[in-house]
Amino acid sequence: MIEGSAWRRWVFFRLPMGIFLIFLLFPFYWMIITTFRPDGELYIPWYRATYKPFWTWNPTTAHLKYLFGETTFAIWMWNTTFIAVVSTAISLFCGVLAGYALSRLNFKGAALLGTTIFVTYLVPQTLLFIPLSEIIRTYSLGDTPWSLILSYPTFLIPFCTWLMMGYFKSVPKELEECARIDGAARWQAMLYIVIPVAVPGILSAMIFAFTLSWNEFIYALVFLSSPEQKTVPVGVISELVRGDVFFWGPLMAGALFGSIPVAIAYSFFVEHYVSGVTGSVKG
Amino acid sequence: MSSVTIRHVHKRYEDFHAVKGVSLEIKDKEFVVLVGPSGCGKTTTLRMVAGLETISEGDIMIGNKIVNQLPPMDRDIAMVFQNYALYPHMTVYDNMAFGLKMRKFDKAEIAKRVNNAADILDIKDHLGRKPRMLSGGQRQRVALGRAIVRNPQVFLFDEPLSNLDAKLRVQMRVEIKKLHQRLATTSIYVTHDQVEAMTLGDRVVVMKDGLIQQVGEPLELYNRPANKYVAGFIGSPAMNFADTMIEEAGGAVYATNPTMKIRVPEQIAARMGPHKGKPATLGIRPEDLRMANGTDPEDLSFEAVVEVAEQLGSEIILDLKAGGSAMVASVEPTVRVKPQQKIRLAINPAGLRFFDATTEAAI
């Protein structure tokens, strides 16, 4: 908190904070207002006297009805959730184990392996999708959720591994040594002591991984083709933009509903998540 | 309960030879303290006994079983760490019960043992709390409790009091001593604090550079240090040293330098044969120095200049300059001296020690 008189708090804390908040939340506001604005208002040119961009007196649910009735948006939501949850689970499982091994088991070449894993994370997806699509085709996985569930871990596992490696390093190694003297085998010390202590780190890895796969666009665009297989980001773009016509109402409604699960995930875990990113364990 | 035998143990890291052939016999029920400066190999030795470090060479036996290859969980030991290493996500009760749960004790037995240990350590009121809600002293009690519930063959302590403030350290030191008197479990205790070593140990092992310098009962180390290092390490304030030449004159042996000419006592003089005409280090403890009066012989006293006088109430610590070397004397509280005052100090001849100038071994 800024100390001092009231005007100092206003000038140095509340005012900048307010500007920042408006800046961050405006897109959400715009999505909401557009979702409920009738088409008649949406397509008024800006120089008309009746142009009121920030408010509407005639809210409508027509866009929502269209989105859920005329498109397969509900299926996209389900697809996205399924793919994001499963690929996050796979990546988290591998990432936690790999992160533990790389940070704790002092085997030969651990540092090199860690760096190599990080380098794979740096390969841009816009290049990687070419060889990946070849693999997807070979195993006939195209146009199934598995094409994404199996290709998202290519960037999620390195990501989770690195996050967990850093977190495990902040867990005092005496905790584990003490557990092993107390009668725990290595895997028991990991399961009962290290992993519970690392829960904040695991939660932040989980949220990040979930968000990354929820929002992923290029693999989903390349590997999926039929409308009922699509994920929200791809579905909204490909089904609600036809040629050069943007169906702004349903488009914004889709974007709004697409961001709700992520927002819920963040707010639900926010306390753990913050401590995972900023702090470690105190003995 | 069990003995511990360490036989010619080495620990080599890639570019560092941490422990260079340590042998030590620790008897059943004995409390042995490993003491030395940081990097002397004491903690590494302890960790090898615990099974947390592999042994590069040599054997470690607990009871009459070689444990070199045994994982820590199978060695039946308990260890108390410097930073307590309490499991932060568990309550005090669960912290203490963890080892028993891992070893599949039944619930009633676990409850009995944990409550018993909590009674002994006076932490009964905190059993439901998490470690972060406890003070440093309470945390260390929980760590001790976690060690004693298992009733292991050997306790290992790795600088357990270093994170506590001075007052608490003294208090916990007494508690650890009491605990050992009560449980009589074989204990190995690592510290860099010689006061802890002297007060806790049945025997004290002084280590330096990966080697044992001397093993003995506390008073033995104090009275008969094996070399200059041990002499300087044990005792507070530390022993004074002065470089001298050993010379024979008129049937007596003298240790001389430009500011002092001290007669070597008979029983040491008898061993001085090969050192005559060579340099040797004279050692005298601050408590074996006192203000000289007129009757003290010349050859058991020397002149010094007072630099600082520290009043401690029960004694006065004088920081002095005698010729080129700094000296410390502990004198009676009635003495009145001023800085820069020239005084004469008398030596208690029974307190004189001599060390070879090159090997530093006691003569």
# chains A, B, ... in the order shown; residues from 1 in each chain; ligands from 1
>>> residues_around(residues="range 222-234 of chain A", least_positions_apart="4", cutoff="8 Å", atoms="only C-alpha atoms", output="list of chain:residue names")
A:Thr72, A:Phe73, A:Ile75, A:Trp76, A:Met77, A:Asn79, A:Thr80, A:Phe129, A:Ser133, A:Ile136, A:Gly142, A:Asp143, A:Thr144, A:Pro145, A:Ser147, A:Leu148, A:Asn215, A:Glu216, A:Phe217, A:Ile218, A:Ser238, A:Glu239, A:Gly254, A:Ala255, A:Gly258
>>> interface_residues(of="chain B", to="chain A", cutoff="6 Å", atoms="only C-alpha atoms", output="PyMOL selection string")
chain B and resi 72-73+85+99+102
>>> write_last_selection(atoms="C-alpha atoms", output="CSV table (one decimal), in the first residue's frame")
chain,number,residue,atom,x,y,z
B,72,PRO,CA,18.3,-44.5,4.9
B,73,MET,CA,14.9,-46.0,5.6
B,85,ALA,CA,12.8,-30.0,8.1
B,99,GLY,CA,7.7,-42.3,10.5
B,102,MET,CA,5.5,-45.4,7.1
>>> select_by_dssp(residues="range 80-276 of chain A", states="alpha helix (DSSP H)", output="short mmCIF file (atom, residue, chain, number, x, y, z; two decimals) with N, CA and C atoms, in the first residue's frame")
data_model
loop_
_atom_site.label_atom_id
_atom_site.label_comp_id
_atom_site.auth_asym_id
_atom_site.auth_seq_id
_atom_site.Cartn_x
_atom_site.Cartn_y
_atom_site.Cartn_z
N THR A 80 -13.56 -28.70 -26.65
CA THR A 80 -12.44 -27.93 -26.09
C THR A 80 -12.15 -28.37 -24.66
N THR A 81 -13.21 -28.53 -23.87
CA THR A 81 -13.03 -28.94 -22.48
C THR A 81 -12.35 -30.30 -22.42
N PHE A 82 -12.88 -31.24 -23.19
CA PHE A 82 -12.34 -32.60 -23.17
C PHE A 82 -10.86 -32.59 -23.55
N ILE A 83 -10.55 -31.92 -24.67
CA ILE A 83 -9.17 -31.90 -25.15
C ILE A 83 -8.26 -31.20 -24.14
N ALA A 84 -8.72 -30.06 -23.61
CA ALA A 84 -7.87 -29.31 -22.68
C ALA A 84 -7.63 -30.10 -21.40
N VAL A 85 -8.69 -30.74 -20.88
CA VAL A 85 -8.53 -31.48 -19.62
C VAL A 85 -7.60 -32.67 -19.80
N VAL A 86 -7.83 -33.44 -20.85
CA VAL A 86 -7.01 -34.65 -21.01
C VAL A 86 -5.55 -34.29 -21.31
N SER A 87 -5.34 -33.32 -22.21
CA SER A 87 -3.94 -33.01 -22.53
C SER A 87 -3.25 -32.34 -21.34
N THR A 88 -3.99 -31.56 -20.55
CA THR A 88 -3.40 -30.98 -19.35
C THR A 88 -3.03 -32.09 -18.36
N ALA A 89 -3.92 -33.07 -18.20
CA ALA A 89 -3.63 -34.16 -17.27
C ALA A 89 -2.38 -34.92 -17.68
N ILE A 90 -2.30 -35.25 -18.97
CA ILE A 90 -1.13 -35.99 -19.46
C ILE A 90 0.14 -35.16 -19.21
N SER A 91 0.08 -33.88 -19.59
CA SER A 91 1.28 -33.04 -19.51
C SER A 91 1.69 -32.81 -18.07
N LEU A 92 0.71 -32.66 -17.19
CA LEU A 92 1.02 -32.41 -15.79
C LEU A 92 1.67 -33.64 -15.17
N PHE A 93 1.13 -34.81 -15.48
CA PHE A 93 1.68 -36.05 -14.96
C PHE A 93 3.14 -36.19 -15.38
N CYS A 94 3.40 -36.03 -16.68
CA CYS A 94 4.77 -36.16 -17.17
C CYS A 94 5.64 -35.03 -16.63
N GLY A 95 5.09 -33.82 -16.63
CA GLY A 95 5.87 -32.65 -16.22
C GLY A 95 6.30 -32.73 -14.76
N VAL A 96 5.40 -33.19 -13.89
CA VAL A 96 5.73 -33.29 -12.46
C VAL A 96 6.83 -34.33 -12.26
N LEU A 97 6.68 -35.49 -12.90
CA LEU A 97 7.69 -36.54 -12.73
C LEU A 97 9.03 -36.10 -13.32
N ALA A 98 8.99 -35.51 -14.53
CA ALA A 98 10.24 -35.10 -15.17
C ALA A 98 10.88 -33.97 -14.37
N GLY A 99 10.06 -33.02 -13.92
CA GLY A 99 10.60 -31.90 -13.14
C GLY A 99 11.26 -32.39 -11.86
N TYR A 100 10.63 -33.36 -11.21
CA TYR A 100 11.21 -33.92 -9.99
C TYR A 100 12.54 -34.59 -10.30
N ALA A 101 12.53 -35.42 -11.35
CA ALA A 101 13.76 -36.16 -11.68
C ALA A 101 14.89 -35.20 -12.02
N LEU A 102 14.58 -34.18 -12.83
CA LEU A 102 15.64 -33.27 -13.28
C LEU A 102 16.16 -32.41 -12.14
N SER A 103 15.31 -32.11 -11.16
CA SER A 103 15.79 -31.23 -10.11
C SER A 103 16.38 -32.01 -8.93
N ARG A 104 16.02 -33.27 -8.75
CA ARG A 104 16.43 -33.98 -7.55
C ARG A 104 17.36 -35.17 -7.76
N ALA A 110 21.77 -34.57 -16.43
CA ALA A 110 20.47 -34.00 -16.05
C ALA A 110 20.34 -32.56 -16.55
N ALA A 111 21.42 -31.79 -16.38
CA ALA A 111 21.36 -30.39 -16.77
C ALA A 111 21.17 -30.27 -18.29
N LEU A 112 21.91 -31.11 -19.03
CA LEU A 112 21.82 -31.07 -20.48
C LEU A 112 20.41 -31.44 -20.93
N LEU A 113 19.86 -32.48 -20.32
CA LEU A 113 18.52 -32.94 -20.66
C LEU A 113 17.50 -31.83 -20.39
N GLY A 114 17.67 -31.15 -19.24
CA GLY A 114 16.77 -30.05 -18.90
C GLY A 114 16.79 -28.98 -19.97
N THR A 115 18.00 -28.61 -20.39
CA THR A 115 18.13 -27.58 -21.42
C THR A 115 17.51 -28.04 -22.73
N THR A 116 17.74 -29.30 -23.08
CA THR A 116 17.20 -29.82 -24.34
C THR A 116 15.67 -29.74 -24.33
N ILE A 117 15.09 -30.12 -23.20
CA ILE A 117 13.63 -30.06 -23.11
C ILE A 117 13.14 -28.64 -23.30
N PHE A 118 13.89 -27.70 -22.73
CA PHE A 118 13.49 -26.30 -22.87
C PHE A 118 13.59 -25.85 -24.33
N VAL A 119 14.64 -26.33 -25.02
CA VAL A 119 14.82 -25.93 -26.41
C VAL A 119 13.65 -26.41 -27.26
N THR A 120 13.15 -27.62 -26.99
CA THR A 120 12.01 -28.10 -27.78
C THR A 120 10.80 -27.19 -27.60
N TYR A 121 10.71 -26.56 -26.42
CA TYR A 121 9.60 -25.65 -26.18
C TYR A 121 9.72 -24.40 -27.05
N LEU A 122 10.97 -24.09 -27.46
CA LEU A 122 11.19 -22.86 -28.22
C LEU A 122 10.89 -23.03 -29.71
N GLN A 125 5.32 -23.28 -33.05
CA GLN A 125 4.26 -24.19 -33.48
C GLN A 125 3.98 -24.06 -34.97
N THR A 126 4.22 -22.86 -35.47
CA THR A 126 3.94 -22.64 -36.89
C THR A 126 4.87 -23.45 -37.79
N LEU A 127 6.01 -23.94 -37.22
CA LEU A 127 6.87 -24.85 -37.97
C LEU A 127 6.53 -26.29 -37.63
N LEU A 128 6.26 -26.51 -36.34
CA LEU A 128 6.12 -27.87 -35.85
C LEU A 128 4.87 -28.55 -36.40
N PHE A 129 3.87 -27.77 -36.80
CA PHE A 129 2.64 -28.42 -37.23
C PHE A 129 2.83 -29.17 -38.55
N ILE A 130 3.87 -28.83 -39.31
CA ILE A 130 4.08 -29.51 -40.60
C ILE A 130 4.48 -30.98 -40.39
N PRO A 131 5.58 -31.23 -39.65
CA PRO A 131 5.89 -32.65 -39.38
C PRO A 131 4.80 -33.34 -38.56
N LEU A 132 4.19 -32.59 -37.63
CA LEU A 132 3.16 -33.21 -36.80
C LEU A 132 1.98 -33.68 -37.64
N SER A 133 1.61 -32.89 -38.64
CA SER A 133 0.45 -33.27 -39.45
C SER A 133 0.75 -34.55 -40.24
N GLU A 134 2.03 -34.72 -40.58
CA GLU A 134 2.45 -35.96 -41.25
C GLU A 134 2.22 -37.16 -40.33
N ILE A 135 2.61 -36.97 -39.05
CA ILE A 135 2.44 -38.05 -38.07
C ILE A 135 0.95 -38.33 -37.84
N ILE A 136 0.19 -37.26 -37.70
CA ILE A 136 -1.25 -37.41 -37.47
C ILE A 136 -1.90 -38.20 -38.61
N ARG A 137 -1.44 -37.91 -39.83
CA ARG A 137 -2.01 -38.58 -41.00
C ARG A 137 -1.62 -40.07 -40.99
N THR A 138 -0.33 -40.33 -40.68
CA THR A 138 0.15 -41.71 -40.67
C THR A 138 -0.67 -42.57 -39.72
N PRO A 145 -10.42 -35.80 -31.74
CA PRO A 145 -9.84 -35.04 -30.61
C PRO A 145 -8.43 -35.53 -30.26
N TRP A 146 -8.14 -36.80 -30.55
CA TRP A 146 -6.83 -37.35 -30.16
C TRP A 146 -5.68 -36.68 -30.90
N SER A 147 -5.95 -36.17 -32.10
CA SER A 147 -4.88 -35.46 -32.82
C SER A 147 -4.39 -34.29 -31.97
N LEU A 148 -5.30 -33.62 -31.27
CA LEU A 148 -4.89 -32.48 -30.44
C LEU A 148 -4.40 -32.94 -29.07
N ILE A 149 -5.09 -33.93 -28.50
CA ILE A 149 -4.69 -34.41 -27.17
C ILE A 149 -3.25 -34.90 -27.20
N LEU A 150 -2.84 -35.50 -28.31
CA LEU A 150 -1.48 -36.01 -28.39
C LEU A 150 -0.47 -34.98 -28.89
N SER A 151 -0.93 -33.94 -29.57
CA SER A 151 0.06 -32.97 -30.04
C SER A 151 0.22 -31.79 -29.08
N PRO A 153 0.67 -31.91 -25.83
CA PRO A 153 1.79 -32.16 -24.91
C PRO A 153 3.17 -31.83 -25.48
N THR A 154 3.30 -31.73 -26.81
CA THR A 154 4.63 -31.38 -27.35
C THR A 154 5.10 -30.02 -26.84
N PHE A 155 4.18 -29.13 -26.56
CA PHE A 155 4.64 -27.88 -25.93
C PHE A 155 4.26 -27.78 -24.46
N LEU A 156 3.23 -28.56 -24.04
CA LEU A 156 2.81 -28.47 -22.64
C LEU A 156 3.77 -29.20 -21.70
N ILE A 157 4.31 -30.35 -22.14
CA ILE A 157 5.21 -31.09 -21.24
C ILE A 157 6.48 -30.29 -20.95
N PRO A 158 7.17 -29.74 -21.97
CA PRO A 158 8.34 -28.92 -21.64
C PRO A 158 7.99 -27.76 -20.71
N PHE A 159 6.84 -27.16 -20.97
CA PHE A 159 6.40 -26.03 -20.15
C PHE A 159 6.21 -26.46 -18.69
N CYS A 160 5.45 -27.54 -18.49
CA CYS A 160 5.19 -28.02 -17.13
C CYS A 160 6.49 -28.50 -16.47
N THR A 161 7.33 -29.17 -17.23
CA THR A 161 8.59 -29.67 -16.68
C THR A 161 9.41 -28.52 -16.13
N TRP A 162 9.50 -27.46 -16.92
CA TRP A 162 10.34 -26.35 -16.47
C TRP A 162 9.76 -25.63 -15.28
N LEU A 163 8.48 -25.45 -15.30
CA LEU A 163 7.84 -24.80 -14.16
C LEU A 163 8.04 -25.62 -12.89
N MET A 164 7.85 -26.94 -13.00
CA MET A 164 7.95 -27.81 -11.83
C MET A 164 9.40 -27.96 -11.37
N MET A 165 10.32 -27.98 -12.33
CA MET A 165 11.73 -28.06 -11.97
C MET A 165 12.10 -26.90 -11.05
N GLY A 166 11.69 -25.71 -11.46
CA GLY A 166 11.97 -24.53 -10.66
C GLY A 166 11.31 -24.63 -9.30
N TYR A 167 10.09 -25.14 -9.28
CA TYR A 167 9.38 -25.18 -8.00
C TYR A 167 10.00 -26.22 -7.07
N PHE A 168 10.32 -27.39 -7.61
CA PHE A 168 10.91 -28.43 -6.77
C PHE A 168 12.23 -27.97 -6.18
N LYS A 169 12.96 -27.15 -6.94
CA LYS A 169 14.24 -26.67 -6.42
C LYS A 169 14.05 -25.79 -5.19
N SER A 170 12.88 -25.18 -5.07
CA SER A 170 12.64 -24.31 -3.92
C SER A 170 12.15 -25.09 -2.70
N LYS A 173 15.62 -29.68 0.42
CA LYS A 173 15.82 -31.10 0.20
C LYS A 173 15.87 -31.88 1.50
N GLU A 174 16.05 -31.14 2.62
CA GLU A 174 16.03 -31.83 3.92
C GLU A 174 14.67 -32.48 4.20
N LEU A 175 13.59 -31.88 3.67
CA LEU A 175 12.27 -32.45 3.89
C LEU A 175 12.23 -33.88 3.40
N GLU A 176 12.78 -34.06 2.21
CA GLU A 176 12.76 -35.35 1.58
C GLU A 176 13.73 -36.30 2.28
N GLU A 177 14.90 -35.76 2.63
CA GLU A 177 15.88 -36.59 3.32
C GLU A 177 15.32 -37.08 4.64
N CYS A 178 14.63 -36.17 5.33
CA CYS A 178 14.05 -36.52 6.61
C CYS A 178 13.00 -37.62 6.41
N ALA A 179 12.19 -37.49 5.38
CA ALA A 179 11.17 -38.50 5.11
C ALA A 179 11.81 -39.85 4.82
N ARG A 180 12.92 -39.82 4.10
CA ARG A 180 13.56 -41.09 3.75
C ARG A 180 14.18 -41.74 4.98
N ILE A 181 14.69 -40.91 5.90
CA ILE A 181 15.19 -41.47 7.15
C ILE A 181 14.03 -41.97 8.00
N ARG A 186 12.03 -43.63 -1.78
CA ARG A 186 12.11 -42.40 -2.55
C ARG A 186 10.74 -42.00 -3.12
N TRP A 187 10.02 -42.96 -3.70
CA TRP A 187 8.73 -42.62 -4.32
C TRP A 187 7.71 -42.21 -3.27
N GLN A 188 7.83 -42.79 -2.04
CA GLN A 188 6.90 -42.39 -0.99
C GLN A 188 7.21 -40.97 -0.51
N ALA A 189 8.50 -40.67 -0.39
CA ALA A 189 8.89 -39.32 0.02
C ALA A 189 8.37 -38.32 -1.00
N ILE A 195 5.37 -33.72 -3.25
CA ILE A 195 4.26 -33.28 -4.10
C ILE A 195 3.22 -32.47 -3.32
N PRO A 196 2.81 -32.90 -2.11
CA PRO A 196 1.88 -32.03 -1.36
C PRO A 196 2.45 -30.64 -1.11
N VAL A 197 3.75 -30.58 -0.83
CA VAL A 197 4.36 -29.28 -0.58
C VAL A 197 4.39 -28.45 -1.87
N VAL A 199 2.12 -28.35 -4.18
CA VAL A 199 0.79 -28.15 -4.76
C VAL A 199 0.61 -26.77 -5.41
N PRO A 200 1.06 -25.68 -4.76
CA PRO A 200 0.88 -24.38 -5.44
C PRO A 200 1.56 -24.36 -6.81
N GLY A 201 2.74 -24.94 -6.91
CA GLY A 201 3.44 -24.99 -8.19
C GLY A 201 2.68 -25.84 -9.19
N ILE A 202 2.16 -26.97 -8.74
CA ILE A 202 1.42 -27.85 -9.63
C ILE A 202 0.15 -27.16 -10.12
N LEU A 203 -0.51 -26.44 -9.22
CA LEU A 203 -1.73 -25.73 -9.63
C LEU A 203 -1.43 -24.67 -10.67
N SER A 204 -0.31 -23.94 -10.49
CA SER A 204 -0.05 -22.91 -11.50
C SER A 204 0.31 -23.55 -12.82
N ALA A 205 1.06 -24.65 -12.79
CA ALA A 205 1.36 -25.35 -14.04
C ALA A 205 0.06 -25.82 -14.69
N MET A 206 -0.87 -26.30 -13.86
CA MET A 206 -2.13 -26.80 -14.39
C MET A 206 -2.93 -25.69 -15.06
N ILE A 207 -3.04 -24.54 -14.38
CA ILE A 207 -3.83 -23.45 -14.96
C ILE A 207 -3.22 -22.96 -16.27
N PHE A 208 -1.89 -22.82 -16.26
CA PHE A 208 -1.23 -22.35 -17.49
C PHE A 208 -1.44 -23.36 -18.62
N ALA A 209 -1.24 -24.63 -18.31
CA ALA A 209 -1.36 -25.65 -19.34
C ALA A 209 -2.79 -25.69 -19.88
N PHE A 210 -3.76 -25.60 -18.96
CA PHE A 210 -5.17 -25.62 -19.36
C PHE A 210 -5.48 -24.44 -20.27
N THR A 211 -5.01 -23.26 -19.88
CA THR A 211 -5.26 -22.07 -20.69
C THR A 211 -4.61 -22.17 -22.06
N LEU A 212 -3.36 -22.66 -22.07
CA LEU A 212 -2.66 -22.78 -23.35
C LEU A 212 -3.41 -23.72 -24.29
N SER A 213 -3.89 -24.85 -23.77
CA SER A 213 -4.57 -25.77 -24.68
C SER A 213 -5.99 -25.29 -25.00
N TRP A 214 -6.61 -24.59 -24.06
CA TRP A 214 -7.94 -24.04 -24.33
C TRP A 214 -7.89 -23.03 -25.48
N ASN A 215 -6.87 -22.20 -25.48
CA ASN A 215 -6.78 -21.13 -26.46
C ASN A 215 -6.04 -21.52 -27.74
N ILE A 218 -3.60 -22.96 -33.83
CA ILE A 218 -3.10 -23.40 -35.14
C ILE A 218 -3.22 -24.90 -35.34
N TYR A 219 -2.87 -25.70 -34.31
CA TYR A 219 -3.02 -27.16 -34.45
C TYR A 219 -4.49 -27.51 -34.68
N ALA A 220 -5.35 -26.86 -33.90
CA ALA A 220 -6.78 -27.15 -34.00
C ALA A 220 -7.29 -26.81 -35.40
N LEU A 221 -6.77 -25.72 -35.95
CA LEU A 221 -7.20 -25.30 -37.28
C LEU A 221 -6.74 -26.31 -38.34
N VAL A 222 -5.50 -26.82 -38.17
CA VAL A 222 -4.92 -27.69 -39.19
C VAL A 222 -5.46 -29.11 -39.09
N PHE A 223 -5.57 -29.63 -37.84
CA PHE A 223 -5.85 -31.05 -37.68
C PHE A 223 -7.34 -31.39 -37.72
N VAL A 232 -13.53 -24.34 -29.65
CA VAL A 232 -14.16 -23.01 -29.64
C VAL A 232 -13.38 -21.99 -30.47
N PRO A 233 -12.06 -21.80 -30.26
CA PRO A 233 -11.38 -20.74 -31.02
C PRO A 233 -11.49 -20.93 -32.53
N VAL A 234 -11.36 -22.17 -33.00
CA VAL A 234 -11.43 -22.42 -34.43
C VAL A 234 -12.87 -22.35 -34.92
N GLY A 235 -13.77 -22.96 -34.16
CA GLY A 235 -15.18 -23.00 -34.56
C GLY A 235 -15.76 -21.62 -34.72
N VAL A 236 -15.50 -20.77 -33.73
CA VAL A 236 -16.06 -19.42 -33.77
C VAL A 236 -15.56 -18.68 -35.00
N ILE A 237 -14.28 -18.79 -35.29
CA ILE A 237 -13.71 -18.08 -36.43
C ILE A 237 -14.22 -18.65 -37.75
N SER A 238 -14.24 -19.99 -37.87
CA SER A 238 -14.53 -20.56 -39.18
C SER A 238 -16.02 -20.61 -39.48
N GLU A 239 -16.87 -20.70 -38.44
CA GLU A 239 -18.30 -20.83 -38.70
C GLU A 239 -19.03 -19.50 -38.62
N LEU A 240 -18.45 -18.53 -37.92
CA LEU A 240 -19.17 -17.26 -37.71
C LEU A 240 -18.57 -16.11 -38.51
N TRP A 248 -21.06 -10.44 -35.93
CA TRP A 248 -20.45 -9.90 -34.70
C TRP A 248 -21.15 -10.34 -33.43
N GLY A 249 -22.46 -10.37 -33.46
CA GLY A 249 -23.21 -10.75 -32.25
C GLY A 249 -22.85 -12.14 -31.77
N PRO A 250 -23.12 -13.19 -32.59
CA PRO A 250 -22.77 -14.56 -32.18
C PRO A 250 -21.27 -14.73 -31.95
N LEU A 251 -20.45 -14.02 -32.74
CA LEU A 251 -19.00 -14.12 -32.61
C LEU A 251 -18.57 -13.70 -31.21
N MET A 252 -19.10 -12.55 -30.78
CA MET A 252 -18.74 -12.05 -29.46
C MET A 252 -19.34 -12.92 -28.36
N ALA A 253 -20.55 -13.45 -28.62
CA ALA A 253 -21.16 -14.36 -27.64
C ALA A 253 -20.28 -15.60 -27.47
N GLY A 254 -19.78 -16.09 -28.60
CA GLY A 254 -18.90 -17.27 -28.56
C GLY A 254 -17.63 -16.97 -27.80
N ALA A 255 -17.04 -15.81 -28.08
CA ALA A 255 -15.80 -15.43 -27.39
C ALA A 255 -16.05 -15.31 -25.89
N LEU A 256 -17.21 -14.72 -25.54
CA LEU A 256 -17.56 -14.54 -24.13
C LEU A 256 -17.67 -15.88 -23.42
N PHE A 257 -18.47 -16.79 -24.03
CA PHE A 257 -18.65 -18.09 -23.37
C PHE A 257 -17.36 -18.91 -23.41
N GLY A 258 -16.55 -18.66 -24.43
CA GLY A 258 -15.27 -19.37 -24.51
C GLY A 258 -14.30 -18.95 -23.42
N SER A 259 -14.42 -17.70 -22.94
CA SER A 259 -13.45 -17.27 -21.94
C SER A 259 -13.93 -17.51 -20.52
N ILE A 260 -15.21 -17.85 -20.38
CA ILE A 260 -15.72 -18.06 -19.01
C ILE A 260 -15.02 -19.21 -18.26
N PRO A 261 -14.85 -20.39 -18.87
CA PRO A 261 -14.21 -21.48 -18.10
C PRO A 261 -12.81 -21.12 -17.62
N VAL A 262 -12.05 -20.43 -18.46
CA VAL A 262 -10.70 -20.05 -18.08
C VAL A 262 -10.76 -19.05 -16.92
N ALA A 263 -11.69 -18.11 -17.03
CA ALA A 263 -11.83 -17.12 -15.96
C ALA A 263 -12.19 -17.81 -14.65
N ILE A 264 -13.07 -18.81 -14.72
CA ILE A 264 -13.45 -19.54 -13.50
C ILE A 264 -12.24 -20.28 -12.94
N ALA A 265 -11.50 -20.93 -13.82
CA ALA A 265 -10.33 -21.68 -13.36
C ALA A 265 -9.36 -20.74 -12.64
N TYR A 266 -9.11 -19.58 -13.23
CA TYR A 266 -8.18 -18.64 -12.62
C TYR A 266 -8.66 -18.19 -11.25
N SER A 267 -9.94 -17.76 -11.20
CA SER A 267 -10.40 -17.18 -9.94
C SER A 267 -10.49 -18.23 -8.85
N PHE A 268 -10.76 -19.47 -9.25
CA PHE A 268 -10.90 -20.53 -8.27
C PHE A 268 -9.57 -20.84 -7.60
N PHE A 269 -8.49 -20.83 -8.38
CA PHE A 269 -7.20 -21.22 -7.84
C PHE A 269 -6.29 -20.03 -7.58
N VAL A 270 -6.85 -18.82 -7.67
CA VAL A 270 -5.96 -17.66 -7.76
C VAL A 270 -5.01 -17.56 -6.57
N GLU A 271 -5.48 -17.90 -5.37
CA GLU A 271 -4.60 -17.75 -4.22
C GLU A 271 -3.40 -18.68 -4.28
N HIS A 272 -3.71 -19.96 -4.57
CA HIS A 272 -2.62 -20.93 -4.70
C HIS A 272 -1.69 -20.55 -5.84
N TYR A 273 -2.35 -20.11 -6.90
CA TYR A 273 -1.61 -19.82 -8.12
C TYR A 273 -0.62 -18.69 -7.88
N VAL A 274 -1.06 -17.66 -7.19
CA VAL A 274 -0.17 -16.54 -6.91
C VAL A 274 1.00 -17.00 -6.05
N SER A 275 0.72 -17.77 -5.01
CA SER A 275 1.82 -18.21 -4.15
C SER A 275 2.73 -19.15 -4.92
N GLY A 276 2.20 -19.85 -5.91
CA GLY A 276 3.03 -20.74 -6.71
C GLY A 276 4.00 -19.97 -7.57
#
>>> atom_distance(atom1="CA of Ile44 in chain A", atom2="CA of Thr56 in chain A")
12.5 Å
>>> closest_residue(among="B:Arg146, B:Lys29, B:Lys107, B:His17", to="Met79 in chain B", atoms="only C-alpha atoms")
B:Arg146
>>> select_by_dssp(residues="range 169-359 of chain B", states="strand (DSSP E)", output="VMD selection string")
chain B and resid 186 to 191 203 to 208 211 to 216 240 to 249 252 to 257 260 to 263 279 to 284 289 to 291 301 to 311 316 to 322 325 to 331 342 to 347 353 to 356
>>> residues_around(residues="range 208-215 of chain B", least_positions_apart="6", cutoff="8 Å", atoms="only C-alpha atoms", output="PyMOL selection string")
chain B and resi 17-22+36-37+39-42+221+225-227+229-230
>>> residues_around(residues="Leu86 in chain B", least_positions_apart="5", cutoff="8 Å", atoms="only C-alpha atoms", output="list in words")
Leu175 and Gly283 of chain A; Asn95, Pro131, Arg139, Val142 and Ala143 of chain B
>>> residues_around(residues="range 58-63 of chain B", least_positions_apart="5", cutoff="12 Å", atoms="only C-alpha atoms", output="PyMOL selection string")
chain B and resi 1-12+19-29+45-51+53+68-70+74-77+152-155+186-187
>>> residues_around(residues="Ala269 in chain B", least_positions_apart="6", cutoff="9 Å", atoms="only C-alpha atoms", output="list in words")
Ala252, Val253, Tyr254 and Arg263 of chain B
